[in-house]
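Worksheet: the structure to be examined is printed underneath.
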Number of protein chains: 2
Amino acid sequence: MQDTLFDFISNYISLTEDEKNALLSLDLFHSVKKGTTLLKEGQKSQDFYFVLKGCIRKYYIIDGEEKTTAFYTEMDALTPHCVLTNTPSEYFISCVEDSILLISNSDVSAEINNKFPKFDIMCRILSEELLAKQQINFDEFKTSSPELRYLNLLQNRPDLIQRVPQHQLASYLGIKPQSLSRLRARILEKKS
Amino acid sequence: MQDTLFDFISNYISLTEDEKNALLSLDLFHSVKKGTTLLKEGQKSQDFYFVLKGCIRKYYIIDGEEKTTAFYTEMDALTPHCVLTNTPSEYFISCVEDSILLISNSDVSAEINNKFPKFDIMCRILSEELLAKQQINFDEFKTSSPELRYLNLLQNRPDLIQRVPQHQLASYLGIKPQSLSRLRARILEKKS
DNA sequence: TGCATTTCTTAACTTAAGTGAACGAATTAT
DNA sequence: ATAATTCGTTCACTTAAGTTAAGAAATGCA
């Protein structure tokens with residue numbers, strides 16, 4: 001399981017065995033059951049997450065309705081907005097599948113960065129990469145219709161469509177579950 | 001005019017007069033006429049922009065249609081994606097109004113960061129802030145209808161509605177100009 | 001296992017956005 | 001200053017998404 005973590009890290013920096021062991025000794029790995037809520041609206045938290053296995057999602061509740069805005073799967077990192085701003089969270093984070101997560105916080109990561117300055121470098125690259133990805137994603141969403149968004153998802157993250165409930169997918173695409181059903185039927189129609 | 005720049009910078013780090021003069025001596029300020037294209041699709045570039053006065057926009061051309069995904073006004077910074085990845089740009093950047101811009105590039109900013117390590121700190125805070133803002137923006141867009149997006153814009157960036165052509169605004173909201181006209185008429189109707 | 005709940009799909013109807021066209025107003029170019 | 005283009009709005013019509021409701025399928029729980 002930790003292999004996923006070290007694979008990920010090796011994309012950015014290289015670690016000695018000692019460093020790897022130091023990381024593992026921090027005991028940051030957690031098994032989380034499907035359906036568990038990791039962060040609630042209104043709650044303050046210092047924790048950020050790295051998905052080793054499974055899937056977590058971020059969602060708002062607006063007028064009593066869940067609006068899912070992101071899914072995080074293997075090798076995705078999530079730092080909630082409230083951690084950065086130290087304000088109550090505006091959204092929820094919960095587990096879509098039984099998952100194994102690395103859960104850390106500012107204190108721990110400050111300690112790590114202290115011991116291994118390399119990590120600072122990785123964090124910088126990571127956040128730069130993330131910003132770039134985020135912008136492209138945003139642009140893609142803005143410039144596409146719901147149907148195109150679905151087709152893009154089918155291309156880029158086909159696994160999501162299998163592992164995530166339809167009604168969560170629908171709100172992720174910016175539409176209602178009924179519209180997603182219809183849209184899929186429409187696409188099948190066209191193919192034949 | 002440079003006051004805008006120093007006001008901005010003072011939010012992050014403090015500069016001595018010497019440092020300010022060193023910055024000014026680099027001659028990074030440019031006057032750009034309305035309608036000027038700063039970056040074209042397919043083009044590679046190392047330049048990034050900081051808006052001192054005026055407004056620039058980022059847009060894609062998809063199926064022959066302009067899709068505006070962002071407006072940058074006073075105190076906004078824009079680093080095109082192609083600068084980060086050193087790939088041909090997927091979008092255009094052009095001037096909405098006569099503007100005064102700070103235009104810099106990796107070489108110059110490496111030089112600045114070398115002379116004034118402070119700047120590195122500012123850049124890190126900036127990109128962290130930007131990422132956070134970007135995420136909130138994205139979520140807001142995803143969870144809103146075109147009408148709500150327009151009303152939010154009216155709240156948060158009322159100036160944009162005045163200074164930007166309606167058809168560019170429309171595509172920024174993810175709809176056609178005709179729909180924006182209708183939507184505005186609908187809102188006026190409701191008010192009365 | 002069986003019951004209850006949640007989830008997914010289908011359908012009919014409503015509402016809002018897309019499309020194509022027309023026309024006046026504003027802007028730009030000559 | 002005038003002609004030409006671009007821009008914004010309106011309209012009629014089409015298409016797609018929202019809404020409400022119902023039933024089937026899957027899931028969770030006792």
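Naming scheme: A, B, ... for chains in displayed order of the structure tokens; residues 1 onward per chain; ligands 1 onward as shown.
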Once you count only C-alpha atoms (C1' of nucleotides), what closest atom pair and distance in Å to one decimal does each residue of chain A within 12 Å of chain D have, with rows by chain and rising residue number, as a tab-separated table?
```
residue	atom	partner	partner_atom	distance
A:Ser145	CA	D:DA16	C1'	10.1
A:Pro146	CA	D:DA17	C1'	9.5
A:Glu147	CA	D:DA16	C1'	9.9
A:Pro165	CA	D:DA26	C1'	11.5
A:Ala170	CA	D:DA17	C1'	11.9
A:Gly174	CA	D:DA17	C1'	10.3
A:Ile175	CA	D:DA17	C1'	7.5
A:Lys176	CA	D:DG18	C1'	7.7
A:Pro177	CA	D:DG18	C1'	10.5
A:Gln178	CA	D:DG18	C1'	9.1
A:Ser179	CA	D:DA17	C1'	6.4
A:Leu180	CA	D:DA17	C1'	9.6
A:Ser181	CA	D:DA17	C1'	11.6
A:Arg182	CA	D:DA17	C1'	9.8
A:Leu183	CA	D:DA16	C1'	9.1
A:Arg186	CA	D:DA16	C1'	10.9
```
Selection above as a file: N, CA, C and O atoms, as a short mmCIF file (atom, residue, chain, number, x, y, z; two decimals), in the first residue's frame:
```
data_model
loop_
_atom_site.label_atom_id
_atom_site.label_comp_id
_atom_site.auth_asym_id
_atom_site.auth_seq_id
_atom_site.Cartn_x
_atom_site.Cartn_y
_atom_site.Cartn_z
N SER A 145 -20.67 21.58 -22.92
CA SER A 145 -22.04 21.28 -22.51
C SER A 145 -21.99 20.06 -21.59
O SER A 145 -20.99 19.35 -21.56
N PRO A 146 -23.07 19.81 -20.84
CA PRO A 146 -23.11 18.62 -19.99
C PRO A 146 -22.79 17.36 -20.78
O PRO A 146 -22.04 16.51 -20.29
N GLU A 147 -23.31 17.24 -21.98
CA GLU A 147 -23.04 16.04 -22.78
C GLU A 147 -21.56 15.90 -23.08
O GLU A 147 -20.98 14.82 -22.92
N PRO A 165 -21.66 6.60 -7.58
CA PRO A 165 -23.11 6.60 -7.82
C PRO A 165 -23.51 7.65 -8.85
O PRO A 165 -22.96 8.75 -8.86
N ALA A 170 -23.86 12.99 -11.64
CA ALA A 170 -24.71 13.99 -12.28
C ALA A 170 -24.39 15.37 -11.73
O ALA A 170 -24.13 16.30 -12.49
N GLY A 174 -22.88 18.93 -13.27
CA GLY A 174 -23.69 20.15 -13.24
C GLY A 174 -25.14 19.94 -13.66
O GLY A 174 -25.81 20.88 -14.05
N ILE A 175 -25.62 18.70 -13.58
CA ILE A 175 -27.01 18.42 -13.95
C ILE A 175 -27.69 17.51 -12.93
O ILE A 175 -27.07 17.08 -11.96
N LYS A 176 -28.99 17.22 -13.15
CA LYS A 176 -29.75 16.36 -12.26
C LYS A 176 -29.59 14.90 -12.70
O LYS A 176 -29.34 14.64 -13.88
N PRO A 177 -29.78 13.97 -11.77
CA PRO A 177 -29.64 12.54 -12.10
C PRO A 177 -30.52 12.14 -13.29
O PRO A 177 -30.08 11.39 -14.17
N GLN A 178 -31.76 12.65 -13.33
CA GLN A 178 -32.66 12.30 -14.42
C GLN A 178 -32.08 12.75 -15.76
O GLN A 178 -32.21 12.04 -16.77
N SER A 179 -31.44 13.91 -15.77
CA SER A 179 -30.86 14.42 -17.01
C SER A 179 -29.68 13.55 -17.45
O SER A 179 -29.47 13.35 -18.65
N LEU A 180 -28.94 13.05 -16.46
CA LEU A 180 -27.81 12.19 -16.81
C LEU A 180 -28.31 10.90 -17.44
O LEU A 180 -27.77 10.45 -18.46
N SER A 181 -29.35 10.31 -16.87
CA SER A 181 -29.94 9.10 -17.45
C SER A 181 -30.35 9.35 -18.89
O SER A 181 -30.02 8.57 -19.79
N ARG A 182 -31.05 10.44 -19.09
CA ARG A 182 -31.54 10.80 -20.43
C ARG A 182 -30.38 10.99 -21.40
O ARG A 182 -30.39 10.48 -22.51
N LEU A 183 -29.38 11.72 -20.92
CA LEU A 183 -28.20 12.02 -21.72
C LEU A 183 -27.50 10.74 -22.16
O LEU A 183 -27.09 10.61 -23.32
N ARG A 186 -29.49 9.07 -24.78
CA ARG A 186 -29.32 9.83 -26.03
C ARG A 186 -28.04 9.39 -26.73
O ARG A 186 -28.03 9.16 -27.94
#
```
Discussion item. So the first atom is C1' of DT10 in chain C and the second is CA of Asp159 in chain A; what is the distance between them in Å, to one decimal place?
Written reply: 25.8 Å
Closest pair table for chain B residues within 8 Å of chain A, only C-alpha atoms, as CSV:
```
residue,atom,partner,partner_atom,distance
B:Lys67,CA,A:Thr143,CA,6.4
B:Thr69,CA,A:Asp139,CA,6.0
B:His81,CA,A:Ala132,CA,6.3
B:Leu84,CA,A:Ala132,CA,7.7
B:Arg124,CA,A:Arg124,CA,7.7
B:Ser127,CA,A:Glu128,CA,7.2
B:Glu128,CA,A:Ser127,CA,7.3
B:Leu130,CA,A:Leu131,CA,7.9
B:Leu131,CA,A:Leu131,CA,5.5
B:Ala132,CA,A:His81,CA,6.3
B:Gln134,CA,A:Gln135,CA,7.6
B:Gln135,CA,A:Gln134,CA,7.6
B:Phe138,CA,A:Phe138,CA,6.3
B:Asp139,CA,A:Thr69,CA,6.0
B:Lys142,CA,A:Gly174,CA,5.9
B:Thr143,CA,A:Lys67,CA,6.4
B:Tyr172,CA,A:Lys142,CA,7.7
B:Leu173,CA,A:Lys142,CA,8.0
B:Gly174,CA,A:Lys142,CA,5.9
```
Discussion item. DSSP on the backbone: which residues in chain A end up as strand (DSSP E or B)? Give the answer as number ranges by chain.
Written reply: A: 29-32, 37-39, 47-53, 55-62, 65-73, 77-78, 92-95, 99-105
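Residues from chain C found within 10 Å of chain B are DA16, DA17, DG18 and DT19 of chain C, counting only C-alpha atoms (C1' of nucleotides).
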Item to complete: Write down as a ChimeraX atom specification the residues belonging to range 56-177 of chain B that are assigned alpha helix (DSSP H) by DSSP computed on the backbone.
Response: /B:81-85,106-115,118-142,146-156,158-163,166-173,177
Practice prompt. Please indicate the distance in Å from CA of Ser104 in chain B to CA of Gln46 in chain B, rounded to one decimal place.
Written response: 8.1 Å
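Of the residues listed (A:His167, A:Thr73, A:Ile93, A:Arg184), A:His167 shows the shortest atom-to-atom separation from DT6 in chain C; distances use only C-alpha atoms (C1' of nucleotides).
Here CA of Glu17 in chain A is placed at a distance of 16.1 Å from CA of Met1 in chain A.
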Item to complete: Write out as a VMD selection string which residues come within 6 Å of range 112-123 of chain B when counting only C-alpha atoms (C1' of nucleotides), dropping same-chain ones fewer than 3 positions away.
Response: chain B and resid 12 109 126
